[in-house]
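Participant: Sending over entry.tsv (TSV, N, CA and C atoms and all ligand atoms).
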```
chain	number	residue	atom	x	y	z
A	1	MET	N	264.80	129.24	99.49
A	1	MET	CA	265.17	128.39	98.34
A	1	MET	C	264.24	127.17	98.26
A	2	SER	N	263.89	126.76	97.05
A	2	SER	CA	262.96	125.64	96.90
A	2	SER	C	263.60	124.33	97.33
A	3	GLU	N	262.80	123.48	97.96
A	3	GLU	CA	263.26	122.16	98.34
A	3	GLU	C	262.93	121.12	97.27
A	4	CYS	N	262.31	121.58	96.18
A	4	CYS	CA	261.88	120.65	95.13
A	4	CYS	C	263.06	120.26	94.25
A	5	LEU	N	263.28	118.97	94.09
A	5	LEU	CA	264.42	118.47	93.30
A	5	LEU	C	264.37	118.99	91.87
A	6	PHE	N	263.19	118.93	91.24
A	6	PHE	CA	263.13	119.36	89.83
A	6	PHE	C	263.27	120.87	89.71
A	7	CYS	N	262.81	121.64	90.71
A	7	CYS	CA	263.07	123.09	90.69
A	7	CYS	C	264.57	123.36	90.78
A	8	LYS	N	265.27	122.55	91.56
A	8	LYS	CA	266.73	122.72	91.67
A	8	LYS	C	267.42	122.37	90.35
A	9	ILE	N	266.92	121.35	89.68
A	9	ILE	CA	267.47	120.99	88.36
A	9	ILE	C	267.21	122.12	87.37
A	10	ILE	N	265.98	122.65	87.38
A	10	ILE	CA	265.63	123.75	86.47
A	10	ILE	C	266.52	124.97	86.74
A	11	ALA	N	266.80	125.23	88.02
A	11	ALA	CA	267.63	126.38	88.39
A	11	ALA	C	269.12	126.13	88.15
A	12	GLY	N	269.48	124.89	87.78
A	12	GLY	CA	270.89	124.57	87.54
A	12	GLY	C	271.67	124.29	88.81
A	13	GLU	N	270.95	124.17	89.93
A	13	GLU	CA	271.65	123.90	91.21
A	13	GLU	C	272.03	122.43	91.33
A	14	ILE	N	271.30	121.57	90.61
A	14	ILE	CA	271.63	120.14	90.54
A	14	ILE	C	271.77	119.82	89.06
A	15	PRO	N	272.83	119.11	88.67
A	15	PRO	CA	273.04	118.85	87.25
A	15	PRO	C	272.03	117.86	86.68
A	16	SER	N	271.77	117.99	85.39
A	16	SER	CA	270.93	117.02	84.69
A	16	SER	C	271.50	116.81	83.30
A	17	ASP	N	271.09	115.73	82.70
A	17	ASP	CA	271.52	115.40	81.33
A	17	ASP	C	270.47	115.99	80.38
A	18	LYS	N	270.66	117.26	80.07
A	18	LYS	CA	269.63	118.03	79.36
A	18	LYS	C	269.50	117.63	77.90
A	19	ILE	N	268.26	117.48	77.45
A	19	ILE	CA	267.95	117.13	76.07
A	19	ILE	C	267.38	118.32	75.32
A	20	TYR	N	266.55	119.10	76.01
A	20	TYR	CA	265.84	120.22	75.37
A	20	TYR	C	265.44	121.22	76.44
A	21	GLU	N	265.42	122.49	76.04
A	21	GLU	CA	264.97	123.53	76.98
A	21	GLU	C	264.38	124.69	76.19
A	22	ASP	N	263.28	125.22	76.67
A	22	ASP	CA	262.80	126.50	76.17
A	22	ASP	C	262.32	127.31	77.37
A	23	GLU	N	261.59	128.38	77.12
A	23	GLU	CA	261.22	129.26	78.25
A	23	GLU	C	260.19	128.61	79.18
A	24	GLN	N	259.54	127.56	78.71
A	24	GLN	CA	258.47	126.95	79.53
A	24	GLN	C	258.80	125.58	80.10
A	25	VAL	N	259.68	124.83	79.43
A	25	VAL	CA	259.93	123.45	79.85
A	25	VAL	C	261.41	123.09	79.81
A	26	LEU	N	261.74	122.04	80.57
A	26	LEU	CA	263.06	121.42	80.50
A	26	LEU	C	262.84	119.92	80.30
A	27	VAL	N	263.66	119.34	79.43
A	27	VAL	CA	263.60	117.89	79.19
A	27	VAL	C	264.98	117.32	79.46
A	28	PHE	N	265.03	116.26	80.27
A	28	PHE	CA	266.32	115.65	80.59
A	28	PHE	C	266.16	114.15	80.75
A	29	ASN	N	267.28	113.44	80.66
A	29	ASN	CA	267.25	111.99	80.81
A	29	ASN	C	266.92	111.60	82.24
A	30	ASP	N	266.06	110.58	82.38
A	30	ASP	CA	265.77	110.03	83.71
A	30	ASP	C	267.05	109.38	84.24
A	31	ILE	N	267.31	109.59	85.52
A	31	ILE	CA	268.54	109.10	86.14
A	31	ILE	C	268.53	107.57	86.28
A	32	ASN	N	267.33	106.98	86.23
A	32	ASN	CA	267.17	105.53	86.40
A	32	ASN	C	266.29	105.00	85.27
A	33	PRO	N	266.85	104.97	84.04
A	33	PRO	CA	266.02	104.69	82.86
A	33	PRO	C	265.36	103.32	82.88
A	34	LYS	N	264.07	103.31	82.49
A	34	LYS	CA	263.29	102.06	82.44
A	34	LYS	C	263.14	101.57	81.00
A	35	ALA	N	263.80	102.23	80.07
A	35	ALA	CA	263.72	101.86	78.65
A	35	ALA	C	264.94	102.45	77.94
A	36	ASP	N	265.12	102.05	76.67
A	36	ASP	CA	266.28	102.56	75.91
A	36	ASP	C	266.31	104.09	75.96
A	37	VAL	N	265.14	104.67	75.72
A	37	VAL	CA	264.99	106.13	75.86
A	37	VAL	C	264.02	106.37	77.01
A	38	HIS	N	264.41	107.15	77.97
A	38	HIS	CA	263.54	107.50	79.10
A	38	HIS	C	263.86	108.93	79.51
A	39	LEU	N	263.00	109.83	79.05
A	39	LEU	CA	263.19	111.26	79.35
A	39	LEU	C	262.10	111.73	80.28
A	40	LEU	N	262.37	112.85	80.94
A	40	LEU	CA	261.36	113.52	81.75
A	40	LEU	C	261.18	114.93	81.20
A	41	MET	N	259.93	115.29	80.95
A	41	MET	CA	259.61	116.67	80.55
A	41	MET	C	258.97	117.36	81.75
A	42	VAL	N	259.56	118.47	82.19
A	42	VAL	CA	259.03	119.17	83.36
A	42	VAL	C	258.75	120.62	83.00
A	43	PRO	N	257.62	121.14	83.49
A	43	PRO	CA	257.37	122.57	83.30
A	43	PRO	C	258.28	123.36	84.23
A	44	LYS	N	258.75	124.51	83.79
A	44	LYS	CA	259.59	125.34	84.67
A	44	LYS	C	258.77	125.90	85.83
A	45	LYS	N	257.48	126.10	85.59
A	45	LYS	CA	256.58	126.51	86.68
A	45	LYS	C	256.41	125.34	87.64
A	46	HIS	N	256.52	125.59	88.94
A	46	HIS	CA	256.32	124.50	89.90
A	46	HIS	C	254.84	124.20	90.04
A	47	ILE	N	254.43	123.07	89.47
A	47	ILE	CA	253.07	122.55	89.63
A	47	ILE	C	253.27	121.17	90.26
A	48	VAL	N	252.57	120.91	91.35
A	48	VAL	CA	252.82	119.68	92.11
A	48	VAL	C	252.49	118.43	91.30
A	49	SER	N	251.32	118.42	90.70
A	49	SER	CA	250.88	117.24	89.93
A	49	SER	C	249.74	117.65	89.03
A	50	LEU	N	249.22	116.69	88.27
A	50	LEU	CA	248.06	116.99	87.42
A	50	LEU	C	246.90	117.51	88.25
A	51	ASN	N	246.82	117.08	89.51
A	51	ASN	CA	245.72	117.53	90.39
A	51	ASN	C	245.74	119.03	90.62
A	52	GLU	N	246.89	119.65	90.45
A	52	GLU	CA	247.03	121.09	90.73
A	52	GLU	C	247.06	121.93	89.45
A	53	VAL	N	246.84	121.32	88.31
A	53	VAL	CA	246.84	122.09	87.06
A	53	VAL	C	245.55	122.90	86.98
A	54	GLY	N	245.68	124.19	86.68
A	54	GLY	CA	244.51	125.06	86.56
A	54	GLY	C	244.29	125.49	85.12
A	55	THR	N	243.17	126.14	84.88
A	55	THR	CA	242.87	126.59	83.52
A	55	THR	C	243.93	127.56	83.01
A	56	GLU	N	244.57	128.29	83.93
A	56	GLU	CA	245.63	129.22	83.52
A	56	GLU	C	246.84	128.47	82.94
A	57	ASP	N	246.89	127.17	83.19
A	57	ASP	CA	248.00	126.35	82.68
A	57	ASP	C	247.68	125.70	81.33
A	58	ASP	N	246.51	125.97	80.78
A	58	ASP	CA	246.14	125.33	79.51
A	58	ASP	C	247.18	125.54	78.40
A	59	PRO	N	247.68	126.77	78.18
A	59	PRO	CA	248.68	126.94	77.12
A	59	PRO	C	249.96	126.13	77.40
A	60	LEU	N	250.38	126.08	78.66
A	60	LEU	CA	251.58	125.31	79.03
A	60	LEU	C	251.35	123.82	78.77
A	61	MET	N	250.20	123.31	79.17
A	61	MET	CA	249.92	121.88	78.98
A	61	MET	C	249.86	121.54	77.49
A	62	ALA	N	249.26	122.41	76.71
A	62	ALA	CA	249.20	122.18	75.26
A	62	ALA	C	250.60	122.20	74.67
A	63	HIS	N	251.41	123.13	75.12
A	63	HIS	CA	252.79	123.24	74.65
A	63	HIS	C	253.55	121.94	74.94
A	64	MET	N	253.40	121.42	76.14
A	64	MET	CA	254.11	120.19	76.52
A	64	MET	C	253.67	119.02	75.64
A	65	LEU	N	252.36	118.86	75.48
A	65	LEU	CA	251.86	117.72	74.70
A	65	LEU	C	252.31	117.81	73.25
A	66	ARG	N	252.29	119.02	72.69
A	66	ARG	CA	252.66	119.17	71.29
A	66	ARG	C	254.17	118.99	71.06
A	67	LEU	N	254.95	119.24	72.09
A	67	LEU	CA	256.40	119.08	71.98
A	67	LEU	C	256.84	117.61	71.98
A	68	LEU	N	256.06	116.76	72.65
A	68	LEU	CA	256.50	115.38	72.86
A	68	LEU	C	256.85	114.64	71.56
A	69	PRO	N	255.99	114.67	70.53
A	69	PRO	CA	256.33	113.94	69.30
A	69	PRO	C	257.62	114.43	68.65
A	70	GLU	N	257.84	115.74	68.72
A	70	GLU	CA	259.06	116.31	68.13
A	70	GLU	C	260.30	115.79	68.88
A	71	ILE	N	260.22	115.77	70.19
A	71	ILE	CA	261.36	115.29	70.98
A	71	ILE	C	261.56	113.80	70.76
A	72	ALA	N	260.47	113.04	70.70
A	72	ALA	CA	260.58	111.60	70.44
A	72	ALA	C	261.27	111.35	69.09
A	73	LYS	N	260.88	112.10	68.07
A	73	LYS	CA	261.50	111.93	66.74
A	73	LYS	C	262.98	112.24	66.80
A	74	ASN	N	263.32	113.30	67.52
A	74	ASN	CA	264.73	113.68	67.65
A	74	ASN	C	265.54	112.63	68.39
A	75	GLN	N	264.86	111.80	69.18
A	75	GLN	CA	265.53	110.71	69.91
A	75	GLN	C	265.60	109.44	69.06
A	76	GLY	N	265.09	109.52	67.83
A	76	GLY	CA	265.13	108.37	66.93
A	76	GLY	C	263.97	107.41	67.10
A	77	LEU	N	262.93	107.84	67.82
A	77	LEU	CA	261.78	106.95	68.06
A	77	LEU	C	260.78	107.09	66.91
A	78	LYS	N	261.13	106.48	65.79
A	78	LYS	CA	260.33	106.65	64.58
A	78	LYS	C	259.01	105.88	64.63
A	79	ASP	N	258.98	104.78	65.40
A	79	ASP	CA	257.79	103.92	65.44
A	79	ASP	C	256.80	104.31	66.54
A	80	GLY	N	257.15	105.28	67.33
A	80	GLY	CA	256.24	105.71	68.39
A	80	GLY	C	256.90	105.73	69.75
A	81	PHE	N	256.12	106.12	70.73
A	81	PHE	CA	256.67	106.28	72.08
A	81	PHE	C	255.53	106.17	73.08
A	82	ARG	N	255.89	106.07	74.35
A	82	ARG	CA	254.91	105.99	75.44
A	82	ARG	C	255.11	107.17	76.39
A	83	THR	N	253.98	107.72	76.85
A	83	THR	CA	254.06	108.76	77.87
A	83	THR	C	253.34	108.28	79.13
A	84	ILE	N	253.88	108.66	80.28
A	84	ILE	CA	253.29	108.30	81.57
A	84	ILE	C	253.33	109.54	82.46
A	85	ILE	N	252.21	109.81	83.14
A	85	ILE	CA	252.19	110.86	84.16
A	85	ILE	C	251.67	110.23	85.44
A	86	ASN	N	252.55	110.03	86.40
A	86	ASN	CA	252.14	109.50	87.70
A	86	ASN	C	251.60	110.67	88.53
A	87	THR	N	250.43	110.46	89.12
A	87	THR	CA	249.77	111.56	89.84
A	87	THR	C	249.43	111.15	91.26
A	88	GLY	N	250.07	111.82	92.21
A	88	GLY	CA	249.82	111.55	93.63
A	88	GLY	C	250.43	110.24	94.08
A	89	GLN	N	250.41	110.06	95.40
A	89	GLN	CA	250.99	108.84	95.99
A	89	GLN	C	250.37	107.59	95.40
A	90	GLY	N	249.04	107.62	95.26
A	90	GLY	CA	248.32	106.46	94.72
A	90	GLY	C	248.65	106.17	93.27
A	91	GLY	N	249.17	107.17	92.57
A	91	GLY	CA	249.56	107.00	91.17
A	91	GLY	C	251.04	106.70	91.01
A	92	GLY	N	251.73	106.52	92.13
A	92	GLY	CA	253.15	106.17	92.06
A	92	GLY	C	254.07	107.36	91.88
A	93	GLN	N	253.54	108.57	92.11
A	93	GLN	CA	254.39	109.76	91.96
A	93	GLN	C	255.38	109.84	93.13
A	94	ILE	N	256.65	110.06	92.79
A	94	ILE	CA	257.70	110.14	93.81
A	94	ILE	C	258.21	111.58	93.93
A	95	ILE	N	258.33	112.24	92.79
A	95	ILE	CA	258.78	113.63	92.77
A	95	ILE	C	257.55	114.52	92.56
A	96	PHE	N	257.28	115.38	93.53
A	96	PHE	CA	256.05	116.16	93.48
A	96	PHE	C	256.24	117.50	92.77
A	97	HIS	N	256.66	117.37	91.53
A	97	HIS	CA	256.71	118.46	90.55
A	97	HIS	C	256.28	117.79	89.25
A	98	LEU	N	255.18	118.26	88.70
A	98	LEU	CA	254.59	117.63	87.51
A	98	LEU	C	255.66	117.27	86.47
A	99	HIS	N	255.58	116.06	85.95
A	99	HIS	CA	256.51	115.65	84.88
A	99	HIS	C	255.86	114.59	84.02
A	100	ILE	N	256.25	114.59	82.76
A	100	ILE	CA	255.78	113.58	81.81
A	100	ILE	C	256.96	112.68	81.48
A	101	HIS	N	256.79	111.37	81.73
A	101	HIS	CA	257.80	110.40	81.31
A	101	HIS	C	257.60	110.16	79.81
A	102	LEU	N	258.68	110.18	79.05
A	102	LEU	CA	258.65	109.81	77.63
A	102	LEU	C	259.56	108.60	77.47
A	103	LEU	N	258.96	107.48	77.09
A	103	LEU	CA	259.72	106.23	76.98
A	103	LEU	C	259.64	105.68	75.56
A	104	GLY	N	260.72	105.01	75.16
A	104	GLY	CA	260.70	104.39	73.85
A	104	GLY	C	261.87	103.45	73.66
A	105	GLY	N	261.81	102.69	72.57
A	105	GLY	CA	262.86	101.73	72.28
A	105	GLY	C	262.34	100.32	72.45
A	106	SER	N	263.25	99.39	72.51
A	106	SER	CA	262.86	97.97	72.45
A	106	SER	C	262.40	97.39	73.78
A	107	LYS	N	262.72	98.03	74.89
A	107	LYS	CA	262.44	97.40	76.19
A	107	LYS	C	261.38	98.18	76.97
A	108	LEU	N	260.21	98.37	76.38
A	108	LEU	CA	259.19	99.14	77.08
A	108	LEU	C	258.53	98.32	78.18
A	109	PRO	N	258.50	98.85	79.40
A	109	PRO	CA	257.92	98.09	80.51
A	109	PRO	C	256.40	98.27	80.59
A	110	GLY	N	255.68	97.24	81.00
A	110	GLY	CA	254.26	97.32	81.34
A	110	GLY	C	253.33	97.71	80.21
A	111	PHE	N	252.06	97.64	80.43
A	111	PHE	CA	251.02	98.09	79.49
A	111	PHE	C	251.26	97.62	78.06
A	112	ASP	N	251.49	96.32	77.86
A	112	ASP	CA	251.81	95.82	76.51
A	112	ASP	C	250.63	95.92	75.54
B	1	LIG	P1	257.67	109.62	89.42
B	1	LIG	O1	257.49	108.28	90.06
B	1	LIG	O2	256.73	109.80	88.24
B	1	LIG	O3	257.60	110.77	90.39
B	1	LIG	O4	259.09	109.57	88.76
B	1	LIG	C1	260.19	110.31	89.20
B	1	LIG	C2	261.32	109.99	88.27
B	1	LIG	O5	262.36	110.91	88.52
B	1	LIG	C3	261.89	108.58	88.43
B	1	LIG	O6	261.79	107.88	87.20
B	1	LIG	C4	263.35	108.84	88.84
B	1	LIG	O7	264.25	107.91	88.28
B	1	LIG	C5	263.57	110.25	88.29
B	1	LIG	N1	264.63	111.01	88.97
B	1	LIG	C6	264.83	111.15	90.30
B	1	LIG	N2	265.87	111.96	90.54
B	1	LIG	C7	266.36	112.34	89.33
B	1	LIG	C8	267.44	113.15	88.92
B	1	LIG	N3	268.25	113.79	89.78
B	1	LIG	N4	267.65	113.32	87.58
B	1	LIG	C9	266.86	112.70	86.70
B	1	LIG	N5	265.81	111.92	87.02
B	1	LIG	C10	265.56	111.73	88.33
```
Please render this file's structure as structure tokens.

Facilitator:
Amino acid sequence: MSECLFCKIIAGEIPSDKIYEDEQVLVFNDINPKADVHLLMVPKKHIVSLNEVGTEDDPLMAHMLRLLPEIAKNQGLKDGFRTIINTGQGGGQIIFHLHIHLLGGSKLPGFD
């Protein structure tokens, strides 16, 4: 059995506050939100980080990027949103399963 937290969430072994799901990705609310809206988009395929993305993942990566604006709009983020991908220890990554943070609303942290 996988020891990866996000794999367990994808498998339904650990509950999440699900926003969207299709055959390739799961989107759920971050458990410790840093903004009014703070979602995590994770691929169902276990990829450790951006460092481990291969050319075979190009369609998946394109799918994820193209989905983000649609999900942001559905969350009411009409004026825009911020995405963050922490990569590796030096990039502040804590969960080693690739994920895209989607943030929006009035209290956006950092990078003003
Ligand atoms: P990162 O630093 O990019 O690896 O961020 C990991 C994110 O996962 C953090 O924002 C955490 O708050 C979030 N997180 C950790 N555990 C859970 C969980 N069980 N459900 C939802 N989000 C989580």

Participant: Quick one: of A:Asn86, A:Gln75, A:Gln93, A:Thr55, who's nearest to Val37 of chain A, counting only C-alpha atoms?

Facilitator: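 Smallest distance to Val37 of chain A is found for A:Gln75.
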
Participant: Atom C of Asp58 of chain A and atom C of Pro109 of chain A, how far apart in Å?

Facilitator: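 For atom C of Pro109 of chain A relative to atom C of Asp58 of chain A, the distance reads 28.9 Å.
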
Participant: At a cut-off of 6.5 Å and counting all atoms listed in the file, what residues surround ligand LIG 1 (chain B)? Please answer as a PyMOL selection string.

Facilitator: chain A and resi 15-17+28-33+85-87+92-96+99

Participant: Give the alpha helix (DSSP H) residues of segment 1-96 of chain A, as DSSP finds them on the backbone, and put them as a VMD selection string.

Facilitator: chain A and resid 5 to 10 58 to 74

Participant: Choose the residue, out of A:Ile19, A:Leu26, A:Val42, A:Leu77, that has the smallest atom-to-atom separation from Leu98 of chain A; count all atoms listed in the file.

Facilitator: A:Val42

Participant: Please report the interatomic distance between atom CA of Arg82 of chain A and atom CA of Ala11 of chain A in Å with one decimal.

Facilitator: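 Atom CA of Ala11 of chain A lies 27.3 Å from atom CA of Arg82 of chain A.
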
Participant: Hey, which of A:Tyr20, A:Ala72, A:Leu103, A:Val25 ends up closest to Pro43 of chain A? Count only N, CA and C atoms.

Facilitator: A:Val25

Participant: Using only N, CA and C atoms for the distances, tell me which of A:Leu102, A:Leu50, A:Leu40, A:Ile10 is nearest to Phe81 of chain A.

Facilitator: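 Between A:Leu102, A:Leu50, A:Leu40, A:Ile10, the residue approaching Phe81 of chain A most closely is A:Leu102.
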
Participant: Return as a PyMOL selection string the full set of residues in chain A whose backbone-based DSSP assignment is strand (DSSP E).

Facilitator: chain A and resi 18-21+25-29+37-43+82-84+100-104

Participant: What does the distance between atom CA of Thr83 of chain A and atom CA of His101 of chain A come to in Å, to one decimal place?

Facilitator: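 It comes out at 5.3 Å.
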
Participant: Set the distance at 10 Å and use only C-alpha atoms: which residues neighbour Asp79 of chain A once local chain neighbours fewer than 4 positions away are removed? I'd like the list as JSON, numbers by chain.

Facilitator: {"A": [72, 73, 104, 105]}

Participant: Using 3 Å of padding on each side, determine the axis-aligned box around all atoms of segment 16-21 of chain A present in the file and give its centre and edge lengths in Å to one decimal, as AutoDock Vina command-line options.

Facilitator:
```
--center_x 268.1 --center_y 120.0 --center_z 80.4 --size_x 13.4 --size_y 15.3 --size_z 16.1
```
